[in-house]
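Structure file input31.cif (mmCIF, C-alpha atoms and all ligand atoms) is printed below.
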```cif
data_start
loop_
_atom_site.label_atom_id
_atom_site.label_comp_id
_atom_site.auth_asym_id
_atom_site.auth_seq_id
_atom_site.Cartn_x
_atom_site.Cartn_y
_atom_site.Cartn_z
CA MET E 1074 99.28 79.89 76.50
CA SER E 1075 102.67 81.14 77.59
CA ASN E 1076 103.28 81.39 81.30
CA ARG E 1077 102.66 84.69 82.99
CA LYS E 1078 105.12 86.07 85.50
CA ILE E 1079 104.73 89.09 87.73
CA GLY E 1080 106.94 90.90 90.23
CA MET E 1081 105.77 91.89 93.70
CA TRP E 1082 106.92 94.07 96.56
CA LEU E 1083 104.52 93.99 99.50
CA TYR E 1084 105.14 94.99 103.10
CA SER E 1085 105.71 92.13 105.58
CA ASN E 1086 104.91 93.79 108.91
CA GLY E 1087 101.43 93.81 110.45
CA GLY E 1088 100.48 90.48 108.88
CA GLY E 1089 101.73 91.45 105.41
CA ASP E 1090 103.89 88.31 105.17
CA LYS E 1091 100.77 86.13 105.35
CA ILE E 1092 98.98 88.29 102.78
CA GLN E 1093 101.94 87.86 100.38
CA LYS E 1094 101.73 84.07 100.68
CA LYS E 1095 97.99 84.03 100.01
CA ILE E 1096 98.31 86.24 96.95
CA ILE E 1097 101.17 84.15 95.53
CA LYS E 1098 99.17 80.93 96.07
CA LYS E 1099 96.04 82.30 94.43
CA LEU E 1100 98.02 83.60 91.46
CA LYS E 1101 99.69 80.20 91.11
CA GLU E 1102 96.23 78.59 90.86
CA ARG E 1103 95.74 80.75 87.77
CA ASP E 1104 99.13 79.81 86.33
CA ILE E 1105 100.67 83.14 87.22
CA GLU E 1106 104.14 82.93 88.72
CA THR E 1107 105.34 85.55 91.22
CA VAL E 1108 108.85 86.84 91.78
CA ASN E 1109 108.57 88.23 95.29
CA ASN E 1110 110.44 90.87 97.33
CA ILE E 1111 111.51 93.06 94.45
CA ASN E 1112 112.75 96.24 96.06
CA LEU E 1113 113.68 98.73 93.37
CA ARG E 1114 116.21 100.16 95.81
CA LYS E 1115 118.35 97.12 94.95
CA ALA E 1116 117.69 97.19 91.23
CA ILE E 1117 120.04 98.46 88.56
CA ALA E 1118 119.16 99.80 85.15
CA LYS E 1119 121.36 98.75 82.28
CA ASN E 1120 120.63 99.76 78.71
CA GLY E 1121 117.13 98.46 77.92
CA HIS E 1122 116.77 96.54 81.17
CA ILE E 1123 116.05 96.98 84.84
CA LEU E 1124 117.75 94.16 86.74
CA HIS E 1125 117.01 92.80 90.21
CA ASN E 1126 118.98 89.69 91.23
CA ASP E 1127 119.38 88.75 87.56
CA VAL E 1128 115.64 89.08 86.90
CA LYS E 1129 114.86 91.40 84.02
CA LEU E 1130 111.99 93.38 85.48
CA ASP E 1131 111.14 94.85 82.08
CA LYS E 1132 110.30 91.33 80.89
CA LEU E 1133 107.71 90.73 83.61
CA ASP E 1134 104.03 90.88 82.69
CA LEU E 1135 103.28 93.23 85.57
CA PHE E 1136 104.76 94.66 88.73
CA PHE E 1137 102.66 94.88 91.89
CA SER E 1138 104.17 97.50 94.20
CA TYR E 1139 102.58 97.56 97.65
CA ASN E 1140 105.18 98.47 100.18
CA ALA E 1141 106.43 101.81 101.45
CA GLY E 1142 104.34 104.83 100.57
CA GLU E 1143 107.30 107.10 101.12
CA GLN E 1144 109.86 105.88 98.63
CA THR E 1145 113.30 107.25 97.91
CA GLN E 1146 113.92 109.30 94.80
CA TYR E 1147 115.80 106.35 93.35
CA GLN E 1148 112.89 103.96 93.86
CA MET E 1149 110.44 106.46 92.37
CA TYR E 1150 112.74 107.07 89.42
CA LEU E 1151 112.91 103.38 88.58
CA TYR E 1152 109.17 102.94 89.29
CA GLN E 1153 108.54 105.61 86.65
CA ALA E 1154 110.95 104.07 84.13
CA LEU E 1155 109.61 100.54 84.61
CA ASN E 1156 106.05 101.72 84.16
CA ARG E 1157 106.97 103.06 80.75
CA VAL E 1158 107.43 99.48 79.56
CA ILE E 1159 105.24 97.22 81.73
CA PRO E 1160 101.92 97.64 83.59
CA MET E 1161 102.17 98.42 87.28
CA ILE E 1162 99.69 98.42 90.14
CA ASN E 1163 99.23 101.22 90.99
CA SER E 1164 100.41 102.95 87.86
CA TYR E 1165 103.30 105.32 88.45
CA ASP E 1166 101.18 108.33 87.55
CA ALA E 1167 98.40 107.44 89.95
CA PHE E 1168 100.81 106.57 92.75
CA ALA E 1169 102.84 109.75 92.35
CA LEU E 1170 99.64 111.79 92.24
CA THR E 1171 98.26 110.36 95.48
CA GLU E 1172 101.60 110.93 97.20
CA ASP E 1173 101.01 114.66 96.78
CA LYS E 1174 98.19 116.30 98.73
CA PHE E 1175 97.92 119.44 96.61
CA HIS E 1176 97.88 117.59 93.29
CA THR E 1177 95.32 115.16 94.69
CA SER E 1178 92.98 117.92 95.94
CA PHE E 1179 93.42 119.76 92.66
CA VAL E 1180 92.44 116.73 90.58
CA LEU E 1181 89.58 115.78 92.89
CA ARG E 1182 88.07 119.27 92.80
CA ASN E 1183 88.49 119.38 89.04
CA ASN E 1184 86.41 116.20 88.88
CA GLY E 1185 83.64 117.58 91.04
CA ILE E 1186 84.64 115.73 94.21
CA GLN E 1187 84.47 117.74 97.42
CA THR E 1188 87.65 118.28 99.45
CA ALA E 1189 88.57 120.75 102.15
CA ASP E 1190 88.91 124.22 100.58
CA TYR E 1191 92.61 124.79 100.07
CA LYS E 1192 95.08 127.30 98.78
CA LEU E 1193 98.60 126.97 97.49
CA CYS E 1194 100.86 129.97 97.23
CA HIS E 1195 104.52 130.78 96.70
CA ARG E 1196 106.57 130.91 99.89
CA ASP E 1197 107.15 134.65 99.38
CA ASP E 1198 103.38 135.24 99.45
CA GLY E 1199 103.16 135.33 103.24
CA HIS E 1200 100.62 138.14 102.95
CA GLU E 1201 98.35 135.72 101.06
CA LEU E 1202 98.28 133.51 104.17
CA LYS E 1203 97.26 136.56 106.19
CA LYS E 1204 94.34 137.15 103.85
CA ILE E 1205 93.34 133.52 104.07
CA ILE E 1206 93.32 133.30 107.86
CA LYS E 1207 91.14 136.42 108.02
CA LYS E 1208 88.64 134.72 105.77
CA TRP E 1209 88.82 131.18 107.11
CA ASP E 1210 89.30 131.80 110.80
CA LYS E 1211 91.05 128.45 111.26
CA MET E 1212 93.29 126.60 108.85
CA VAL E 1213 95.71 123.68 108.63
CA TYR E 1214 99.19 123.97 107.23
CA LYS E 1215 100.10 120.65 105.55
CA PRO E 1216 103.32 119.35 104.05
CA THR E 1217 102.15 118.15 100.62
CA ASP E 1218 104.10 114.88 100.87
CA GLY E 1219 103.41 113.99 104.52
CA TRP E 1220 101.81 110.96 106.15
CA GLY E 1221 100.52 109.85 109.54
CA GLY E 1222 99.42 113.36 110.48
CA VAL E 1223 103.08 114.39 110.83
CA GLY E 1224 103.82 118.08 110.31
CA LEU E 1225 100.16 119.16 110.14
CA THR E 1226 99.82 122.45 111.99
CA LYS E 1227 96.52 123.97 113.03
CA ILE E 1228 96.55 127.76 112.76
CA GLU E 1229 93.76 129.25 114.84
CA SER E 1230 94.18 133.00 114.58
CA GLU E 1231 96.11 135.77 112.91
CA ALA E 1232 98.32 136.07 115.99
CA ASN E 1233 98.96 132.35 115.74
CA LEU E 1234 100.05 132.77 112.12
CA ASP E 1235 102.34 135.70 112.99
CA MET E 1236 104.05 133.49 115.54
CA LEU E 1237 104.42 130.64 113.09
CA MET E 1238 105.65 132.59 110.05
CA PRO E 1239 109.30 132.93 111.18
CA PHE E 1240 109.45 129.14 111.64
CA LEU E 1241 107.86 128.45 108.25
CA ASN E 1242 110.24 130.92 106.61
CA GLN E 1243 113.18 129.19 108.23
CA MET E 1244 112.14 125.83 106.84
CA ASP E 1245 113.08 126.83 103.29
CA LEU E 1246 109.83 125.60 101.74
CA ARG E 1247 109.03 126.14 98.09
CA TYR E 1248 105.37 126.91 98.74
CA PHE E 1249 102.63 126.99 101.34
CA TYR E 1250 99.72 124.56 101.14
CA VAL E 1251 96.91 125.31 103.57
CA GLU E 1252 93.40 123.93 104.01
CA LYS E 1253 90.39 125.40 105.72
CA PHE E 1254 89.99 123.71 109.07
CA ILE E 1255 86.95 121.49 108.77
CA THR E 1256 84.47 121.29 111.62
CA TYR E 1257 83.85 117.58 112.03
CA ASP E 1258 83.28 115.06 114.79
CA ASN E 1259 86.93 113.93 114.92
CA THR E 1260 86.13 110.65 113.22
CA ASP E 1261 86.73 109.56 109.65
CA PHE E 1262 85.85 106.79 107.23
CA ARG E 1263 88.57 104.77 105.52
CA VAL E 1264 87.05 103.21 102.41
CA ASP E 1265 89.00 100.60 100.47
CA ILE E 1266 88.40 100.25 96.74
CA VAL E 1267 89.94 97.72 94.34
CA ASN E 1268 89.35 97.93 90.59
CA GLY E 1269 86.27 100.10 90.94
CA GLU E 1270 84.70 97.84 93.57
CA PHE E 1271 83.94 98.58 97.18
CA VAL E 1272 85.96 96.35 99.51
CA SER E 1273 85.50 97.64 103.03
CA CYS E 1274 84.98 100.54 105.36
CA TYR E 1275 86.17 101.19 108.88
CA GLY E 1276 86.41 104.27 111.04
CA ARG E 1277 89.12 106.07 112.94
CA LYS E 1278 88.60 108.32 115.91
CA ALA E 1279 91.03 110.95 117.16
CA SER E 1280 92.15 110.60 120.76
CA GLY E 1281 90.62 113.06 123.21
CA THR E 1282 93.63 115.36 122.99
CA ASP E 1283 94.20 115.56 119.23
CA TRP E 1284 92.10 116.57 116.21
CA ARG E 1285 93.88 114.16 113.87
CA THR E 1286 92.47 110.67 113.37
CA ASN E 1287 95.77 109.01 112.38
CA VAL E 1288 96.72 106.03 114.50
CA THR E 1289 100.24 107.53 114.62
CA SER E 1290 98.67 110.63 116.20
CA GLY E 1291 96.92 108.57 118.87
CA GLY E 1292 93.74 107.78 116.91
CA SER E 1293 92.00 104.41 117.13
CA VAL E 1294 90.29 102.15 114.61
CA PHE E 1295 86.66 101.17 115.08
CA MET E 1296 84.04 99.19 113.19
CA ARG E 1297 81.95 101.42 110.98
CA GLU E 1298 79.58 100.85 108.08
CA ALA E 1299 79.67 102.98 104.95
CA ASN E 1300 76.53 104.29 103.26
CA ASP E 1301 75.85 104.61 99.51
CA GLU E 1302 76.92 108.25 99.44
CA ILE E 1303 80.29 107.51 101.06
CA ILE E 1304 80.95 104.57 98.75
CA ASP E 1305 80.04 106.70 95.75
CA VAL E 1306 82.47 109.44 96.81
CA ALA E 1307 85.26 106.88 97.33
CA LEU E 1308 84.67 105.24 93.95
CA LYS E 1309 84.75 108.62 92.22
CA ALA E 1310 87.94 109.63 94.05
CA CYS E 1311 89.71 106.45 92.91
CA LYS E 1312 88.52 106.94 89.35
CA ALA E 1313 89.63 110.57 89.27
CA THR E 1314 93.10 109.79 90.65
CA GLY E 1315 93.47 106.68 88.48
CA VAL E 1316 94.38 104.26 91.26
CA ASP E 1317 93.51 100.58 90.79
CA ILE E 1318 93.79 100.16 94.54
CA GLY E 1319 92.96 103.03 96.85
CA GLY E 1320 92.08 103.76 100.46
CA VAL E 1321 89.99 106.92 100.56
CA ASP E 1322 89.86 109.01 103.76
CA ILE E 1323 86.52 110.75 104.12
CA ILE E 1324 85.11 113.05 106.82
CA TYR E 1325 81.74 114.73 107.21
CA ASP E 1326 81.94 118.52 107.03
CA GLN E 1327 79.38 119.78 109.54
CA GLU E 1328 79.25 123.27 108.03
CA LYS E 1329 78.83 122.30 104.39
CA GLU E 1330 76.80 119.26 105.48
CA GLU E 1331 78.51 116.92 103.05
CA TYR E 1332 81.22 114.31 102.85
CA ILE E 1333 84.65 115.48 101.76
CA VAL E 1334 87.72 113.54 100.72
CA LEU E 1335 90.86 114.23 102.73
CA GLU E 1336 93.17 111.99 100.78
CA VAL E 1337 93.55 108.88 98.66
CA ASN E 1338 96.11 106.36 99.88
CA GLY E 1339 97.79 104.32 97.15
CA ILE E 1340 98.89 101.56 99.53
CA PRO E 1341 96.05 101.12 102.02
CA ALA E 1342 96.97 98.50 104.62
CA PHE E 1343 95.25 95.16 104.93
CA ALA E 1344 93.61 94.53 108.29
CA THR E 1345 96.23 93.54 110.86
CA PRO E 1346 95.76 90.33 112.88
CA GLU E 1347 94.57 92.48 115.84
CA GLN E 1348 92.07 94.34 113.64
CA GLU E 1349 90.84 91.03 112.25
CA LYS E 1350 90.09 89.95 115.82
CA MET E 1351 88.06 93.17 116.20
CA GLY E 1352 85.94 91.99 113.28
CA LEU E 1353 87.56 93.68 110.29
CA ASN E 1354 87.33 90.76 107.92
CA PHE E 1355 87.87 92.24 104.47
CA ASN E 1356 91.31 90.77 103.72
CA ASN E 1357 90.16 87.77 101.70
CA LYS E 1358 87.79 89.84 99.60
CA LYS E 1359 90.55 92.34 98.92
CA ILE E 1360 93.03 89.60 98.01
CA ASP E 1361 90.52 88.04 95.58
CA LEU E 1362 89.86 91.37 93.88
CA ILE E 1363 93.60 92.06 93.56
CA VAL E 1364 94.22 88.61 92.09
CA ASP E 1365 91.36 89.18 89.61
CA LEU E 1366 92.86 92.53 88.69
CA ILE E 1367 96.35 91.10 88.11
CA ASP E 1368 94.83 88.28 86.07
CA LYS E 1369 92.87 90.75 83.93
CA LYS E 1370 95.81 93.07 83.37
CA THR E 1371 98.17 90.26 82.33
CA LYS E 1372 95.80 88.42 79.97
CA LYS E 1373 97.69 87.74 76.76
CA LYS E 1374 95.82 88.72 73.63
N1 LIG V 1401 91.36 120.42 106.66
C1 LIG V 1401 91.27 119.69 107.76
N2 LIG V 1401 90.42 120.06 108.78
C2 LIG V 1401 90.33 119.32 109.91
N3 LIG V 1401 91.03 118.19 110.14
C3 LIG V 1401 91.88 117.77 109.19
C4 LIG V 1401 92.05 118.49 107.95
N4 LIG V 1401 92.95 117.84 107.20
C5 LIG V 1401 93.34 116.78 107.91
N5 LIG V 1401 92.71 116.71 109.12
C6 LIG V 1401 92.91 115.67 110.16
O1 LIG V 1401 94.28 115.31 110.12
C7 LIG V 1401 94.45 113.94 109.73
C8 LIG V 1401 95.63 113.78 108.79
O2 LIG V 1401 95.42 114.51 107.59
P1 LIG V 1401 95.71 113.91 106.14
O3 LIG V 1401 95.44 114.97 105.15
O4 LIG V 1401 94.99 112.63 105.98
O5 LIG V 1401 97.29 113.68 106.19
P2 LIG V 1401 98.17 112.37 106.51
O6 LIG V 1401 98.72 111.95 105.19
O7 LIG V 1401 99.22 112.87 107.43
O8 LIG V 1401 97.27 111.32 107.09
C9 LIG V 1401 93.15 113.54 109.10
O9 LIG V 1401 92.91 112.15 109.28
C10 LIG V 1401 92.14 114.40 109.86
O10 LIG V 1401 91.79 113.79 111.08
MG MG V 1402 95.48 110.56 106.19
#
```
Re-express the file's structure as structure tokens.
Ligand SMILES: Nc1ncnc2c1ncn2[C@@H]1O[C@H](COP(=O)(O)OP(=O)(O)O)[C@@H](O)[C@H]1O
Ligand SMILES: [Mg+2]
Amino acid sequence: MSNRKIGMWLYSNGGGDKIQKKIIKKLKERDIETVNNINLRKAIAKNGHILHNDVKLDKLDLFFSYNAGEQTQYQMYLYQALNRVIPMINSYDAFALTEDKFHTSFVLRNNGIQTADYKLCHRDDGHELKKIIKKWDKMVYKPTDGWGGVGLTKIESEANLDMLMPFLNQMDLRYFYVEKFITYDNTDFRVDIVNGEFVSCYGRKASGTDWRTNVTSGGSVFMREANDEIIDVALKACKATGVDIGGVDIIYDQEKEEYIVLEVNGIPAFATPEQEKMGLNFNNKKIDLIVDLIDKKTKKK
């Protein structure tokens, strides 16, 4: 059988460098060679090829992209082109979908998966927002391409919205995306899925002064078990969005009395060395499932 060769781009902070080494070693044991540190930012396309340090990326058997969520237009453009000719994890379509909160909610709802109620309207439809706040009482304005809780704005009343509108209008947005503010206990579940299999679950809790659970917004990680319902929701969310690897953020809506999906992350982090000390010990299982997945997707017929 001819040798298989894949490309990889995985983050190195937070213990990522060690994860890279483990993955490369385990792939090697299966006769799969890895060209590491392929940042499409440094690649060049030339006729039928995409070149990175003289490696023809289009000749690889697969590309495993697991670094920055927020990528530049150039990186995304090449990601898309490369995925037209070789398999990628995650696929370009799935990755691009999960990078957008509106498209993700839209697809999830279309597949019968509960999310926060949301509305999207043209930026000139300010009166639509007025109607919404009357109905919903509290809502969250969200940039559709944000991360880490950045830019999320809680709007608690009509007066609040009136105050905010001039600022939103100034920002030259194309549209408004707002969600109903969910009454929940300020904790969430992060459920990791690889290739349709449950890997792990942990929780995050917002700090006393913030309603957002993101660590970047002061939230903290804690040990938390999933139940069958949560795992089922996470599996369905990954299937609907088409991600091979996904980290699904789930909260419990106290009004609707059901679990809802907030978002699907296409590059969910491995446990950091500190989190491993806390007892989050899913890294090896996740690595094994990823190696299995790469093996499966590169099998020569
Ligand atoms: N509709 C909502 N109602 C209440 N809290 C929310 C809502 N949407 C998000 N949050 C809180 O804000 C955090 C960040 O929102 P999320 O949609 O995951 O964006 P980000 O990509 O910035 O993490 C969530 O973890 C959750 O704690
Ligand atoms: Mg989030």
Show me a table, sorted first by chain and then by increasing residue number, of the residues of chain E having an atom at most 6 Å from ligand LIG 1401 (chain V), each with its shortest atom pair and the distance in Å to one decimal, counting all atoms listed in the file and written as CSV.
```
residue,atom,partner,partner_atom,distance
E:Ala1189,CA,V:LIG1401,N1,5.3
E:Val1213,CA,V:LIG1401,N1,5.8
E:Gly1219,CA,V:LIG1401,O6,5.2
E:Trp1220,CA,V:LIG1401,O6,3.4
E:Gly1221,CA,V:LIG1401,O7,3.9
E:Gly1222,CA,V:LIG1401,O7,3.1
E:Val1223,CA,V:LIG1401,O7,5.4
E:Glu1252,CA,V:LIG1401,N1,4.8
E:Lys1253,CA,V:LIG1401,N1,5.2
E:Phe1254,CA,V:LIG1401,N2,3.7
E:Ile1255,CA,V:LIG1401,N2,3.8
E:Trp1284,CA,V:LIG1401,O10,5.8
E:Arg1285,CA,V:LIG1401,O10,3.5
E:Thr1286,CA,V:LIG1401,O10,3.9
E:Asn1287,CA,V:LIG1401,O9,5.3
E:Leu1335,CA,V:LIG1401,O3,5.2
E:Glu1336,CA,V:LIG1401,O4,5.5
```
Skip Pro1341 (chain E) itself and residues of its chain fewer than 4 positions away, then list as an MDAnalysis selection string all residues within 9 Å of it, counting all atoms listed in the file.
chainID E and resid 1139 1265 1318:1321 1337
Atomic separation - CA of Cys1274 (chain E) relative to CA of Leu1366 (chain E), Å:
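It comes out at 20.1 Å.
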What does the distance from CA of Leu1083 (chain E) to CA of Asp1322 (chain E) come to in Å, to one decimal?
21.4 Å
Near Arg1182 (chain E), counting all atoms listed in the file, which residues have an atom at most 10 Å away, once you skip same-chain residues fewer than 6 positions from it, shown as an mmCIF file with C-alpha atoms, keeping the file's coordinate frame?
```cif
data_model
loop_
_atom_site.group_PDB
_atom_site.id
_atom_site.type_symbol
_atom_site.label_atom_id
_atom_site.label_comp_id
_atom_site.auth_asym_id
_atom_site.auth_seq_id
_atom_site.Cartn_x
_atom_site.Cartn_y
_atom_site.Cartn_z
ATOM 1 C CA HIS E 1176 97.880 117.590 93.290
ATOM 2 C CA THR E 1188 87.650 118.280 99.450
ATOM 3 C CA ALA E 1189 88.570 120.750 102.150
ATOM 4 C CA ASP E 1190 88.910 124.220 100.580
ATOM 5 C CA ALA E 1310 87.940 109.630 94.050
ATOM 6 C CA ALA E 1313 89.630 110.570 89.270
ATOM 7 C CA VAL E 1334 87.720 113.540 100.720
#
```
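Here CA of Tyr1191 (chain E) and CA of Lys1204 (chain E) stand 13.0 Å from one another.
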E:Glu1302, E:Glu1201, E:Asp1317, E:Asp1283: which is nearest Met1161 (chain E), counting all atoms listed in the file?
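Using all atoms listed in the file, the shortest distance to Met1161 (chain E) belongs to E:Asp1317.
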Can you tell me which residues surround Leu1362 (chain E) at a distance of at most 10 Å, considering only C-alpha atoms, apart from same-chain residues fewer than 3 positions away, and format the answer as a ChimeraX atom specification?
/E:1266-1272,1318,1356-1359,1365-1368
What lies within 9 Å of region 1144-1149 of chain E using all atoms listed in the file, ignoring chain neighbours under 4 positions off, as a PDB file with C-alpha atoms, keeping the file's coordinate frame?
```pdb
ATOM      1  CA  ASN E1112     112.750  96.240  96.060  1.00  0.00           C
ATOM      2  CA  LEU E1113     113.680  98.730  93.370  1.00  0.00           C
ATOM      3  CA  ARG E1114     116.210 100.160  95.810  1.00  0.00           C
ATOM      4  CA  LYS E1115     118.350  97.120  94.950  1.00  0.00           C
ATOM      5  CA  ALA E1116     117.690  97.190  91.230  1.00  0.00           C
ATOM      6  CA  ASN E1140     105.180  98.470 100.180  1.00  0.00           C
ATOM      7  CA  GLN E1153     108.540 105.610  86.650  1.00  0.00           C
ATOM      8  CA  ALA E1154     110.950 104.070  84.130  1.00  0.00           C
ATOM      9  CA  TYR E1165     103.300 105.320  88.450  1.00  0.00           C
ATOM     10  CA  ALA E1169     102.840 109.750  92.350  1.00  0.00           C
TER      11      ALA E1169
END
```
Kindly indicate which residue among E:Val1288, E:Val1306, E:Met1244, E:Val1364 lies nearest to ligand MG 1402 (chain V), using all atoms listed in the file for the distances.
E:Val1288
Scan for residues within 9 Å of the point (101.5, 94.2, 95.3) in the coordinates of the file, using only C-alpha atoms, and reply as a list in words.
Gly1080, Met1081, Trp1082, Leu1083, Tyr1084, Gln1093, Ile1096, Phe1136, Phe1137, Ser1138, Tyr1139, Asn1140, Ile1162, Asn1163, Ile1340 and Ile1363 of chain E
For Asn1242 (chain E), list every protein, DNA or RNA residue within 10 Å, evaluated using all atoms listed in the file, and leave out those in the same chain fewer than 4 positions away; present the list as a ChimeraX atom specification.
/E:1196-1197,1199,1237-1238,1246-1247
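Nearest residue to ligand MG 1402 (chain V) among E:Phe1355, E:Tyr1325, E:Phe1295, E:Phe1262 is E:Phe1262, counting only C-alpha atoms and all ligand atoms.
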One residue among E:His1200, E:Arg1157, E:Lys1174, E:Arg1077 is nearest to ligand MG 1402 (chain V) when using all atoms listed in the file, and that residue is E:Lys1174
